[in-house]
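Have a look at work_11.txt; it's compact mmCIF, C-alpha atoms and all ligand atoms:
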```
# COMPACT_ATOMS: atom_id res chain seq x y z
CA MET K 1354 0.00 0.00 0.00
CA GLN K 1355 1.33 3.46 -0.94
CA THR K 1356 1.82 5.57 2.16
CA SER K 1357 3.55 8.73 0.94
CA ILE K 1358 2.11 11.56 -1.13
CA GLU K 1359 4.60 10.87 -3.93
CA PRO K 1360 3.25 9.75 -7.30
CA ILE K 1361 2.87 6.02 -7.46
CA GLY K 1362 6.10 5.56 -9.42
CA SER K 1363 6.94 1.89 -9.76
CA VAL K 1364 3.98 0.64 -7.80
CA GLU K 1365 2.23 -1.96 -9.89
CA ILE K 1366 -1.34 -1.96 -11.11
CA GLN K 1367 -2.58 -4.29 -8.38
CA GLU K 1368 -1.26 -2.00 -5.67
CA THR K 1369 -2.90 0.95 -7.41
CA LEU K 1370 -6.19 -0.89 -7.32
CA GLU K 1371 -5.77 -1.37 -3.57
CA LEU K 1372 -5.08 2.35 -3.28
CA ALA K 1373 -8.24 2.99 -5.27
CA ASP K 1374 -10.19 1.26 -2.50
CA GLU K 1375 -9.27 3.97 -0.01
CA PRO K 1376 -11.97 6.49 0.88
CA VAL K 1377 -12.22 8.90 -2.04
CA GLU K 1378 -11.55 11.90 0.23
CA LEU K 1379 -8.15 10.45 1.20
CA LEU K 1380 -7.29 9.64 -2.38
CA MET K 1381 -8.19 13.16 -3.47
CA ALA K 1382 -6.17 14.69 -0.63
CA ARG K 1383 -3.07 12.78 -1.79
CA ALA K 1384 -3.68 13.85 -5.38
CA ARG K 1385 -4.18 17.49 -4.33
CA GLN K 1386 -0.84 17.54 -2.60
CA VAL K 1387 0.93 16.21 -5.68
CA ARG K 1388 -0.84 18.86 -7.79
CA ASP K 1389 -0.05 21.64 -5.33
CA CYS K 1390 3.64 20.71 -5.35
CA ALA K 1391 3.92 20.54 -9.14
CA TRP K 1392 1.45 23.19 -10.30
CA GLY K 1393 0.61 25.44 -7.34
CA THR K 1394 -2.71 27.24 -7.08
CA THR K 1395 -3.09 28.34 -10.69
CA ILE K 1396 -5.68 26.63 -12.87
CA THR K 1397 -5.18 27.17 -16.59
CA PHE K 1398 -7.31 27.14 -19.73
CA SER K 1399 -6.62 27.62 -23.43
CA PRO K 1400 -8.65 30.35 -25.19
CA LYS K 1401 -9.54 28.64 -28.44
CA VAL K 1402 -11.56 28.74 -31.61
CA PHE K 1403 -12.85 25.25 -32.45
CA LEU K 1404 -12.78 24.30 -36.14
CA PRO K 1405 -14.39 20.92 -36.87
CA LEU K 1406 -13.01 20.59 -40.40
CA THR K 1407 -15.34 17.70 -41.21
CA ASN K 1408 -17.62 15.40 -39.25
CA LEU K 1409 -17.26 12.60 -41.78
CA CYS K 1410 -15.64 9.60 -40.14
CA LYS K 1411 -14.99 6.02 -41.13
CA ASN K 1412 -15.62 4.71 -37.59
CA PHE K 1413 -18.79 4.18 -35.58
CA CYS K 1414 -18.43 4.66 -31.82
CA ASP K 1415 -21.60 3.92 -29.86
CA TYR K 1416 -21.47 7.18 -27.87
CA CYS K 1417 -20.64 9.60 -30.71
CA SER K 1418 -23.08 12.30 -31.78
CA PHE K 1419 -20.51 14.07 -33.97
CA ARG K 1420 -20.01 11.52 -36.74
CA ARG K 1421 -21.86 11.66 -40.05
CA SER K 1422 -21.80 9.88 -43.42
CA PRO K 1423 -22.06 11.74 -46.76
CA LYS K 1424 -25.63 12.99 -47.44
CA GLN K 1425 -26.66 12.34 -43.83
CA ALA K 1426 -28.49 15.24 -42.16
CA GLY K 1427 -26.08 17.46 -40.28
CA MET K 1428 -23.03 16.39 -42.30
CA TRP K 1429 -20.49 19.12 -43.04
CA THR K 1430 -17.03 19.76 -44.37
CA MET K 1431 -15.84 23.31 -43.80
CA ARG K 1432 -14.92 25.19 -46.96
CA PRO K 1433 -11.56 26.99 -47.00
CA ASP K 1434 -13.30 30.38 -46.86
CA GLU K 1435 -15.32 29.23 -43.81
CA VAL K 1436 -12.13 28.12 -42.11
CA ASP K 1437 -10.54 31.48 -42.73
CA ASP K 1438 -13.65 33.33 -41.57
CA TRP K 1439 -13.70 31.47 -38.23
CA LEU K 1440 -9.97 32.01 -37.78
CA LEU K 1441 -10.49 35.73 -38.24
CA ARG K 1442 -13.35 35.73 -35.73
CA GLY K 1443 -11.23 33.76 -33.29
CA ARG K 1444 -8.43 36.27 -33.58
CA GLN K 1445 -10.89 39.14 -33.04
CA GLN K 1446 -12.11 37.43 -29.85
CA HIS K 1447 -8.51 37.14 -28.56
CA CYS K 1448 -8.30 33.39 -29.00
CA VAL K 1449 -4.81 31.94 -28.96
CA GLU K 1450 -5.43 28.34 -30.04
CA ALA K 1451 -6.95 27.16 -33.32
CA LEU K 1452 -8.22 23.67 -32.54
CA PHE K 1453 -8.71 21.53 -35.64
CA CYS K 1454 -10.74 18.48 -34.73
CA LEU K 1455 -12.28 15.99 -37.16
CA GLY K 1456 -13.31 12.44 -37.85
CA ASP K 1457 -10.87 9.70 -38.74
CA LYS K 1458 -9.35 9.60 -42.27
CA PRO K 1459 -12.64 10.19 -44.16
CA GLU K 1460 -10.90 10.14 -47.54
CA SER K 1461 -10.12 6.46 -47.03
CA THR K 1462 -13.86 5.67 -47.14
CA PHE K 1463 -15.81 8.46 -48.87
CA GLU K 1464 -15.26 9.19 -52.56
CA SER K 1465 -17.39 12.36 -52.45
CA TYR K 1466 -15.09 13.77 -49.78
CA ARG K 1467 -12.00 12.94 -51.84
CA ASP K 1468 -13.59 14.75 -54.79
CA LEU K 1469 -14.42 17.76 -52.63
CA LEU K 1470 -10.85 18.07 -51.40
CA ALA K 1471 -9.50 17.62 -54.94
CA GLY K 1472 -11.82 20.38 -56.15
CA TRP K 1473 -10.21 22.71 -53.62
CA GLY K 1474 -6.75 21.58 -54.66
CA PHE K 1475 -5.98 19.31 -51.71
CA SER K 1476 -4.73 15.75 -52.07
CA SER K 1477 -5.71 14.59 -48.56
CA THR K 1478 -7.06 15.71 -45.20
CA VAL K 1479 -3.49 16.22 -44.01
CA ASP K 1480 -2.85 18.44 -47.03
CA TYR K 1481 -5.95 20.48 -46.12
CA LEU K 1482 -4.86 20.60 -42.47
CA GLY K 1483 -1.46 21.86 -43.56
CA TRP K 1484 -3.11 24.72 -45.42
CA ALA K 1485 -5.47 25.42 -42.51
CA GLY K 1486 -2.56 25.46 -40.08
CA ARG K 1487 -0.70 28.01 -42.20
CA GLN K 1488 -3.84 30.15 -42.40
CA ALA K 1489 -4.18 30.02 -38.62
CA LEU K 1490 -0.58 31.05 -38.13
CA GLY K 1491 -1.18 33.89 -40.57
CA ARG K 1492 -4.02 35.02 -38.29
CA ASP K 1493 -1.68 34.90 -35.27
CA LEU K 1494 -3.32 31.76 -33.88
CA LEU K 1495 -1.43 28.65 -32.75
CA PRO K 1496 -2.79 25.42 -34.27
CA HIS K 1497 -3.42 22.25 -32.30
CA THR K 1498 -4.81 19.33 -34.32
CA ASN K 1499 -6.68 16.21 -33.33
CA ALA K 1500 -7.43 14.41 -36.59
CA GLY K 1501 -7.68 10.84 -35.37
CA ILE K 1502 -5.07 8.33 -36.46
CA LEU K 1503 -2.13 9.90 -38.30
CA SER K 1504 0.95 8.21 -39.72
CA LEU K 1505 4.49 9.19 -38.84
CA ALA K 1506 4.73 10.94 -42.22
CA ASP K 1507 1.46 12.82 -41.57
CA MET K 1508 2.67 14.00 -38.18
CA THR K 1509 6.01 15.08 -39.63
CA VAL K 1510 4.11 17.36 -42.02
CA LEU K 1511 1.77 18.66 -39.34
CA LYS K 1512 4.50 19.37 -36.80
CA SER K 1513 5.70 22.20 -39.04
CA VAL K 1514 2.36 24.02 -38.67
CA ASN K 1515 1.14 22.83 -35.26
CA VAL K 1516 2.53 23.59 -31.83
CA SER K 1517 1.03 20.35 -30.49
CA LEU K 1518 -1.07 17.40 -31.61
CA GLY K 1519 -3.61 15.25 -29.79
CA LEU K 1520 -5.27 11.86 -29.76
CA MET K 1521 -7.31 10.47 -26.90
CA LEU K 1522 -6.16 6.98 -26.02
CA GLU K 1523 -9.67 6.64 -24.51
CA SER K 1524 -9.00 3.09 -23.35
CA ALA K 1525 -6.27 0.48 -23.55
CA SER K 1526 -8.83 -2.31 -23.43
CA ASP K 1527 -9.17 -4.64 -26.42
CA ARG K 1528 -12.33 -5.92 -24.74
CA LEU K 1529 -14.16 -2.69 -25.66
CA CYS K 1530 -13.61 -3.59 -29.33
CA GLU K 1531 -15.40 -6.92 -29.06
CA PRO K 1532 -18.94 -7.51 -30.40
CA GLY K 1533 -21.52 -5.63 -28.35
CA GLN K 1534 -18.94 -3.16 -26.98
CA VAL K 1535 -18.63 0.56 -27.79
CA HIS K 1536 -15.67 0.30 -30.18
CA HIS K 1537 -16.65 -2.81 -32.09
CA HIS K 1538 -17.34 -0.81 -35.26
CA ALA K 1539 -14.42 1.59 -34.81
CA PRO K 1540 -11.21 0.03 -36.17
CA ASP K 1541 -9.21 3.13 -35.29
CA LYS K 1542 -10.12 2.70 -31.63
CA ARG K 1543 -8.06 -0.49 -31.38
CA PRO K 1544 -5.66 0.31 -28.55
CA ALA K 1545 -2.61 -0.94 -30.45
CA VAL K 1546 -3.31 1.52 -33.30
CA ARG K 1547 -3.63 4.47 -30.94
CA ILE K 1548 -0.65 3.49 -28.84
CA GLN K 1549 1.47 3.23 -31.97
CA MET K 1550 0.52 6.77 -33.03
CA ILE K 1551 1.20 8.23 -29.58
CA ASP K 1552 4.53 6.42 -29.53
CA GLU K 1553 5.46 7.77 -32.98
CA ALA K 1554 4.50 11.29 -31.91
CA GLY K 1555 7.00 10.82 -29.10
CA GLN K 1556 9.68 9.70 -31.56
CA LEU K 1557 9.01 12.92 -33.48
CA LYS K 1558 9.19 15.00 -30.26
CA ILE K 1559 5.71 16.41 -30.66
CA PRO K 1560 4.13 17.91 -27.53
CA PHE K 1561 1.12 15.68 -27.18
CA THR K 1562 -2.31 15.69 -25.56
CA THR K 1563 -4.04 12.43 -24.79
CA GLY K 1564 -6.45 11.08 -22.22
CA ILE K 1565 -9.03 8.54 -21.19
CA LEU K 1566 -12.78 8.46 -21.69
CA ILE K 1567 -14.58 7.03 -18.68
CA GLY K 1568 -18.05 5.53 -18.45
CA ILE K 1569 -18.02 3.65 -21.77
CA GLY K 1570 -18.13 0.16 -20.29
CA GLU K 1571 -14.60 -0.10 -18.95
CA THR K 1572 -13.72 -1.56 -15.56
CA LEU K 1573 -11.72 0.26 -12.90
CA ARG K 1574 -8.74 -1.98 -13.71
CA GLU K 1575 -8.99 -1.03 -17.39
CA ARG K 1576 -9.01 2.67 -16.47
CA VAL K 1577 -5.91 2.20 -14.37
CA GLU K 1578 -4.21 0.18 -17.12
CA ALA K 1579 -4.88 2.97 -19.64
CA LEU K 1580 -3.29 5.52 -17.31
CA PHE K 1581 -0.26 3.28 -16.80
CA GLU K 1582 0.04 2.94 -20.57
CA ILE K 1583 0.07 6.72 -20.97
CA ARG K 1584 2.71 6.96 -18.26
CA ARG K 1585 4.82 4.34 -20.05
CA LEU K 1586 4.62 6.28 -23.33
CA HIS K 1587 5.58 9.50 -21.56
CA ARG K 1588 8.52 7.85 -19.84
CA ALA K 1589 9.72 6.53 -23.20
CA HIS K 1590 9.67 9.93 -24.94
CA GLY K 1591 8.79 12.69 -22.46
CA HIS K 1592 6.21 14.15 -24.84
CA ILE K 1593 2.86 13.88 -23.03
CA GLN K 1594 2.20 17.48 -22.05
CA GLU K 1595 -1.33 16.91 -20.80
CA VAL K 1596 -3.83 14.18 -20.04
CA ILE K 1597 -7.58 14.64 -20.14
CA VAL K 1598 -9.94 12.66 -17.94
CA GLN K 1599 -13.12 12.96 -19.97
CA ASN K 1600 -16.39 11.66 -18.62
CA PHE K 1601 -18.96 10.12 -20.96
CA ARG K 1602 -22.07 12.23 -21.46
CA ALA K 1603 -25.09 10.65 -23.13
CA HIS K 1604 -26.33 12.14 -26.40
CA VAL K 1605 -29.71 11.59 -28.01
CA SER K 1606 -29.71 9.62 -31.27
CA THR K 1607 -26.72 7.52 -30.23
CA GLN K 1608 -26.51 3.88 -29.20
CA MET K 1609 -25.74 5.03 -25.66
CA ALA K 1610 -28.49 7.63 -25.35
CA ALA K 1611 -29.91 5.89 -22.29
CA ALA K 1612 -26.62 4.77 -20.74
CA MET K 1613 -25.71 5.93 -17.25
CA GLU K 1614 -23.21 8.77 -17.01
CA PRO K 1615 -20.44 8.52 -14.41
CA PRO K 1616 -21.45 10.47 -11.31
CA ALA K 1617 -19.28 13.40 -10.22
CA VAL K 1618 -17.65 11.53 -7.37
CA GLU K 1619 -16.52 8.79 -9.76
CA VAL K 1620 -15.03 11.39 -12.08
CA GLY K 1621 -13.20 12.89 -9.07
CA HIS K 1622 -11.97 9.43 -8.06
CA THR K 1623 -10.51 8.81 -11.54
CA VAL K 1624 -8.95 12.28 -11.67
CA ALA K 1625 -7.24 11.58 -8.34
CA LEU K 1626 -5.95 8.22 -9.56
CA ALA K 1627 -4.65 9.85 -12.74
CA ARG K 1628 -2.84 12.51 -10.70
CA LEU K 1629 -1.19 9.81 -8.60
CA ILE K 1630 -0.28 7.48 -11.47
CA LEU K 1631 1.01 10.05 -13.96
CA ASP K 1632 4.29 11.88 -13.53
CA PRO K 1633 3.64 15.22 -11.82
CA GLU K 1634 4.93 17.35 -14.70
CA ILE K 1635 2.06 16.14 -16.90
CA SER K 1636 -0.78 18.64 -16.86
CA LEU K 1637 -4.06 17.05 -15.78
CA GLN K 1638 -7.29 18.31 -17.26
CA ALA K 1639 -11.02 17.68 -17.00
CA PRO K 1640 -13.53 19.50 -19.23
CA PRO K 1641 -15.55 22.07 -17.25
CA ASN K 1642 -18.47 21.99 -19.70
CA LEU K 1643 -19.00 18.28 -19.00
CA ASN K 1644 -18.86 18.87 -15.24
CA HIS K 1645 -20.62 22.18 -14.92
CA ASP K 1646 -21.40 22.18 -11.21
CA ASP K 1647 -18.45 20.07 -10.20
CA VAL K 1648 -15.37 22.10 -11.10
CA PRO K 1649 -14.47 22.62 -7.40
CA LEU K 1650 -14.62 18.86 -6.86
CA LEU K 1651 -12.30 18.26 -9.83
CA VAL K 1652 -9.89 20.85 -8.50
CA ASP K 1653 -10.03 19.10 -5.13
CA ALA K 1654 -9.22 15.86 -6.95
CA GLY K 1655 -6.02 17.23 -8.49
CA ILE K 1656 -6.61 18.84 -11.88
CA ASN K 1657 -4.56 21.90 -12.80
CA ASP K 1658 -6.14 22.68 -16.16
CA LEU K 1659 -9.57 23.10 -17.73
CA GLY K 1660 -8.59 22.65 -21.37
CA GLY K 1661 -9.79 24.73 -24.27
CA ILE K 1662 -12.61 27.17 -23.65
CA SER K 1663 -14.03 29.12 -26.56
CA PRO K 1664 -15.67 32.55 -26.46
CA LEU K 1665 -17.30 31.96 -29.86
CA THR K 1666 -17.57 28.31 -30.94
CA PRO K 1667 -19.41 25.44 -29.20
CA ASP K 1668 -17.99 22.09 -28.17
CA TYR K 1669 -18.97 20.31 -31.38
CA ILE K 1670 -18.27 16.92 -29.80
CA ASN K 1671 -20.62 17.63 -26.88
CA PRO K 1672 -22.98 20.22 -28.35
CA GLY K 1673 -25.44 20.11 -25.43
CA HIS K 1674 -22.77 21.25 -22.99
CA PRO K 1675 -21.79 24.91 -23.40
CA TRP K 1676 -18.51 26.31 -22.04
CA PRO K 1677 -18.80 28.02 -18.68
CA HIS K 1678 -18.52 31.79 -18.54
CA LEU K 1679 -14.94 32.75 -17.75
CA GLN K 1680 -15.80 35.32 -15.09
CA LYS K 1681 -18.04 32.88 -13.28
CA LEU K 1682 -15.40 30.18 -13.46
CA ALA K 1683 -12.77 32.57 -12.13
CA SER K 1684 -15.04 33.48 -9.18
CA VAL K 1685 -15.67 29.82 -8.33
CA LEU K 1686 -11.94 29.09 -8.42
CA TYR K 1687 -11.07 32.22 -6.46
CA ALA K 1688 -13.43 31.14 -3.69
CA GLY K 1689 -11.38 27.96 -3.37
CA GLY K 1690 -8.05 29.81 -3.28
CA PHE K 1691 -7.15 29.38 -6.95
CA SER K 1692 -6.59 31.76 -9.82
CA LEU K 1693 -7.58 31.21 -13.46
CA ARG K 1694 -4.96 31.93 -16.10
CA PRO K 1695 -4.79 31.44 -19.89
CA ARG K 1696 -2.10 29.25 -21.43
CA LEU K 1697 -0.85 28.38 -24.88
CA PRO K 1698 -1.69 25.08 -26.62
CA ILE K 1699 1.98 24.21 -26.11
CA TYR K 1700 3.03 24.21 -22.47
CA ASP K 1701 5.89 26.53 -21.52
CA SER K 1702 8.22 23.66 -20.62
CA TYR K 1703 7.96 22.31 -24.19
CA VAL K 1704 8.75 25.70 -25.71
CA GLU K 1705 12.04 25.57 -23.81
CA ARG K 1706 12.95 21.95 -24.56
CA PRO K 1707 15.12 21.40 -27.65
CA ASP K 1708 13.39 19.96 -30.74
CA PHE K 1709 9.82 19.94 -29.36
CA LEU K 1710 8.86 23.11 -31.23
CA ASP K 1711 9.49 23.57 -34.95
CA GLU K 1712 11.92 26.49 -35.11
CA GLY K 1713 9.76 28.11 -37.79
CA LEU K 1714 7.02 28.52 -35.15
CA ARG K 1715 9.10 29.91 -32.30
CA ASP K 1716 8.54 33.60 -33.07
CA ARG K 1717 4.79 32.97 -33.43
CA VAL K 1718 4.68 31.31 -30.03
CA ILE K 1719 6.59 34.15 -28.37
CA ALA K 1720 4.29 36.73 -29.99
CA ALA K 1721 1.14 34.77 -29.04
CA LYS K 1722 2.27 34.56 -25.44
CA ALA K 1723 2.93 38.29 -25.28
CA ARG K 1724 -0.50 39.02 -26.74
CA MET K 1725 -2.19 36.60 -24.37
CA GLN K 1726 -0.58 38.26 -21.38
CA GLU K 1727 -1.76 41.68 -22.50
CA THR K 1728 -5.40 40.55 -22.81
CA ARG K 1729 -7.80 41.02 -19.92
CA TRP K 1730 -9.58 37.67 -19.55
CA SER K 1731 -11.97 37.88 -16.62
S1 LIG D 1 -15.77 9.32 -31.61
FE1 LIG D 1 -14.36 9.99 -33.22
S2 LIG D 1 -13.72 8.07 -34.21
FE2 LIG D 1 -15.59 7.59 -33.05
S3 LIG D 1 -17.25 7.86 -34.55
FE3 LIG D 1 -17.01 9.81 -33.44
S4 LIG D 1 -15.66 11.02 -34.74
FE4 LIG D 1 -15.46 8.89 -35.38
```
Would you mind writing the structure in this file as structure tokens?
Ligand code: SF4
Amino acid sequence: MQTSIEPIGSVEIQETLELADEPVELLMARARQVRDCAWGTTITFSPKVFLPLTNLCKNFCDYCSFRRSPKQAGMWTMRPDEVDDWLLRGRQQHCVEALFCLGDKPESTFESYRDLLAGWGFSSTVDYLGWAGRQALGRDLLPHTNAGILSLADMTVLKSVNVSLGLMLESASDRLCEPGQVHHHAPDKRPAVRIQMIDEAGQLKIPFTTGILIGIGETLRERVEALFEIRRLHRAHGHIQEVIVQNFRAHVSTQMAAAMEPPAVEVGHTVALARLILDPEISLQAPPNLNHDDVPLLVDAGINDLGGISPLTPDYINPGHPWPHLQKLASVLYAGGFSLRPRLPIYDSYVERPDFLDEGLRDRVIAAKARMQETRWS
């Protein structure tokens, strides 16, 4: 049994599961102390404009309300002029991050999408993302892309126009890909595929965001195993800048519309475990729009970051859950002894570390940081 407040370090999964049996208040107190030591009393967020380039996706995840097929109601692919228009609006609203988020490799499945891209002069989604990244940089925004599974060659291209990339591991459980489970019809959710991409991002020294999705049928052991896997990847390459503990929220018109959502205390329990399993320098995040009334509990459980919050675009992945108002959030945090501060989509420590930032982006990052610090946020 772990008795100190140090991160779990070499303690094995079984011992972590014993730790997880402790009263949740004790677990959270341990996690808080680790957070306080590593991150202090500042809680950060990234002011972002969210650009869902396309909601076409070759996978089917049982909980997803974002995905569409061609000709299905609600399907979209953003035109280049729409992308540029939203980037401009984001810049006007003092956003710093341009988040490009989209379904998995739609060109591999949908001919109409391939034709659309070709008509705009792009050979692939990555080609389009490269253009979009350059446009964002031209608007003084810093791109962060989560485009599903990318190859090493794709990520090499995107590193030159992105300050960081992301891919949720979600789960390291092959069981969730079996018939009747949430990822059975989502080949890109096979853990080995995702682990390979996160590993290759590490080889390329790309500051990386990943995380777990809880409440999709996984066991406590499987949650813990996923967190250990993320820790292993980070220890191999040192590139995991932040980990998200995302709680499942049910959406109408999905297979899981009636499924139970994890209660707040369970989210807090998992956040605390994540804080204790992961190395302390990894930023730990939980989305405030999915935990509207429970931000103080998540802070008590050891988060130091609230992720991207947009003044102008919704959370397209969870459209029924609007971002909290920044002033209100700041007041709630202040009452608990914390301050709210903006951050870049690349954490400061990765700006300093050799090779983690494409040198062509360094001046943009320095300028974005200066601008962010001059802006009055709340
Ligand atoms: S969660 Fe992602 S991979 Fe799964 S169906 Fe939705 S967009 Fe596709």
Enumerate, as a count of residues only, the protein, DNA and RNA residues whose atoms approach (-14.7, 23.1, -3.2) to within 10 Å, taking into account all atoms listed in the file and the coordinate frame of the file.
13
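Excluding region 1663-1677 of chain K and any residue on its chain fewer than 2 positions from it, the residues at most 7 Å away by only C-alpha atoms are Pro1400, Lys1401, Val1402, Phe1403, Ser1418, Phe1419, Gln1446, Pro1641, Asn1642, Leu1643, Gly1661, Leu1679 and Leu1682 of chain K.
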Enclose the full set of atoms of ligand LIG 1 (chain D) listed in the file within a box whose edges lie along x, y and z, apply 4 Å of padding to each of the six sides, and report centre and edge lengths in Å to one decimal as lines of an AutoDock Vina configuration file.
```
center_x = -15.5
center_y = 9.3
center_z = -33.5
size_x = 11.5
size_y = 11.4
size_z = 11.8
```
Residues near region 1509-1518 of chain K, cut-off 10 Å, all atoms listed in the file, skip fewer than 3 positions along chain, as a ChimeraX atom specification
/K:1450-1453,1479-1480,1482-1490,1495-1500,1503-1506,1551,1553-1554,1557-1563,1592,1594,1697-1700,1703-1704,1709-1715,1717-1718
Within 9 Å of ligand LIG 1 (chain D), which residues of chain K show up? Give each one with its shortest atom-to-atom distance in Å (one decimal) and the two atoms involved, counting only C-alpha atoms and all ligand atoms, rows by chain then rising residue number, as JSON lines.
```
{"residue": "K:Asn1408", "atom": "CA", "partner": "D:LIG1", "partner_atom": "S4", "distance": 6.6}
{"residue": "K:Leu1409", "atom": "CA", "partner": "D:LIG1", "partner_atom": "S4", "distance": 7.4}
{"residue": "K:Cys1410", "atom": "CA", "partner": "D:LIG1", "partner_atom": "FE4", "distance": 4.8}
{"residue": "K:Lys1411", "atom": "CA", "partner": "D:LIG1", "partner_atom": "FE4", "distance": 6.4}
{"residue": "K:Asn1412", "atom": "CA", "partner": "D:LIG1", "partner_atom": "S3", "distance": 4.7}
{"residue": "K:Phe1413", "atom": "CA", "partner": "D:LIG1", "partner_atom": "S3", "distance": 4.1}
{"residue": "K:Cys1414", "atom": "CA", "partner": "D:LIG1", "partner_atom": "FE2", "distance": 4.3}
{"residue": "K:Asp1415", "atom": "CA", "partner": "D:LIG1", "partner_atom": "S3", "distance": 7.5}
{"residue": "K:Tyr1416", "atom": "CA", "partner": "D:LIG1", "partner_atom": "S1", "distance": 7.1}
{"residue": "K:Cys1417", "atom": "CA", "partner": "D:LIG1", "partner_atom": "FE3", "distance": 4.5}
{"residue": "K:Ser1418", "atom": "CA", "partner": "D:LIG1", "partner_atom": "FE3", "distance": 6.8}
{"residue": "K:Phe1419", "atom": "CA", "partner": "D:LIG1", "partner_atom": "FE3", "distance": 5.5}
{"residue": "K:Arg1420", "atom": "CA", "partner": "D:LIG1", "partner_atom": "FE3", "distance": 4.8}
{"residue": "K:Arg1421", "atom": "CA", "partner": "D:LIG1", "partner_atom": "S3", "distance": 8.1}
{"residue": "K:Cys1454", "atom": "CA", "partner": "D:LIG1", "partner_atom": "S4", "distance": 8.9}
{"residue": "K:Leu1455", "atom": "CA", "partner": "D:LIG1", "partner_atom": "S4", "distance": 6.5}
{"residue": "K:Gly1456", "atom": "CA", "partner": "D:LIG1", "partner_atom": "S4", "distance": 4.1}
{"residue": "K:Asp1457", "atom": "CA", "partner": "D:LIG1", "partner_atom": "S2", "distance": 5.6}
{"residue": "K:Ala1500", "atom": "CA", "partner": "D:LIG1", "partner_atom": "FE1", "distance": 8.9}
{"residue": "K:Gly1501", "atom": "CA", "partner": "D:LIG1", "partner_atom": "S2", "distance": 6.7}
{"residue": "K:Ile1502", "atom": "CA", "partner": "D:LIG1", "partner_atom": "S2", "distance": 8.9}
{"residue": "K:His1536", "atom": "CA", "partner": "D:LIG1", "partner_atom": "FE2", "distance": 7.8}
{"residue": "K:His1538", "atom": "CA", "partner": "D:LIG1", "partner_atom": "S3", "distance": 8.7}
{"residue": "K:Ala1539", "atom": "CA", "partner": "D:LIG1", "partner_atom": "FE2", "distance": 6.4}
{"residue": "K:Pro1540", "atom": "CA", "partner": "D:LIG1", "partner_atom": "S2", "distance": 8.6}
{"residue": "K:Asp1541", "atom": "CA", "partner": "D:LIG1", "partner_atom": "S2", "distance": 6.8}
{"residue": "K:Lys1542", "atom": "CA", "partner": "D:LIG1", "partner_atom": "S2", "distance": 7.0}
{"residue": "K:Ile1670", "atom": "CA", "partner": "D:LIG1", "partner_atom": "FE3", "distance": 8.1}
```
By how many Å are CA of Cys1448 (chain K) and CA of Ser1399 (chain K) apart?
8.2 Å
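Atom pair CA of Ile1569 (chain K) / CA of Val1535 (chain K): separated by 6.8 Å.
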All residues 10 Å or closer to Leu1379 (chain K), only C-alpha atoms, same chain fewer than 5 positions away omitted, as a ChimeraX atom specification
/K:1372-1373,1384-1385,1625,1654
Write out as a PyMOL selection string the residues lying within 10 Å of region 1631-1639 of chain K, counting all atoms listed in the file and excluding same-chain residues fewer than 3 positions away.
chain K and resi 1359-1362+1384+1387-1392+1396-1398+1562+1564+1580-1585+1587-1588+1591-1600+1620-1621+1624-1628+1642-1644+1648+1651-1652+1655-1661+1700+1702
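Reported to one decimal place, the separation of CA of Ala1610 (chain K) from CA of Leu1529 (chain K) is 17.7 Å.
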What's the 8 Å shell around Arg1467 (chain K), counting all atoms listed in the file, without same-chain residues fewer than 5 positions away, as a list in words?
Glu1460, Ser1476 and Ser1477 of chain K
Selected residues, C-alpha atoms, written as an mmCIF file, in the frame of the given file, please.
```cif
data_model
loop_
_atom_site.group_PDB
_atom_site.id
_atom_site.type_symbol
_atom_site.label_atom_id
_atom_site.label_comp_id
_atom_site.auth_asym_id
_atom_site.auth_seq_id
_atom_site.Cartn_x
_atom_site.Cartn_y
_atom_site.Cartn_z
ATOM 1 C CA GLU K 1460 -10.900 10.140 -47.540
ATOM 2 C CA SER K 1476 -4.730 15.750 -52.070
ATOM 3 C CA SER K 1477 -5.710 14.590 -48.560
#
```
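With distances restricted to all atoms listed in the file, K:Glu1571 is the closest residue to Asp1527 (chain K) from K:Asp1374, K:Asp1493, K:Glu1571, K:Asp1438.
All residues that come within 12 Å of the coordinates (-15.1, -2.1, -20.9), counting all atoms listed in the file, are given as Glu1523, Ser1524, Ala1525, Ser1526, Asp1527, Arg1528, Leu1529, Cys1530, Glu1531, Pro1532, Gly1533, Gln1534, Val1535, His1536, His1537, Leu1566, Ile1567, Gly1568, Ile1569, Gly1570, Glu1571, Thr1572, Leu1573, Arg1574, Glu1575, Arg1576, Glu1578 and Ala1579 of chain K.
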Should you be able to, write region 1586-1604 of chain K of this structure into a file that contains C-alpha atoms, as a compact mmCIF listing (two decimals), in the first residue's frame.
```txt
# COMPACT_ATOMS: atom_id res chain seq x y z
CA LEU K 1586 4.62 6.28 -23.33
CA HIS K 1587 5.58 9.50 -21.56
CA ARG K 1588 8.52 7.85 -19.84
CA ALA K 1589 9.72 6.53 -23.20
CA HIS K 1590 9.67 9.93 -24.94
CA GLY K 1591 8.79 12.69 -22.46
CA HIS K 1592 6.21 14.15 -24.84
CA ILE K 1593 2.86 13.88 -23.03
CA GLN K 1594 2.20 17.48 -22.05
CA GLU K 1595 -1.33 16.91 -20.80
CA VAL K 1596 -3.83 14.18 -20.04
CA ILE K 1597 -7.58 14.64 -20.14
CA VAL K 1598 -9.94 12.66 -17.94
CA GLN K 1599 -13.12 12.96 -19.97
CA ASN K 1600 -16.39 11.66 -18.62
CA PHE K 1601 -18.96 10.12 -20.96
CA ARG K 1602 -22.07 12.23 -21.46
CA ALA K 1603 -25.09 10.65 -23.13
CA HIS K 1604 -26.33 12.14 -26.40
```
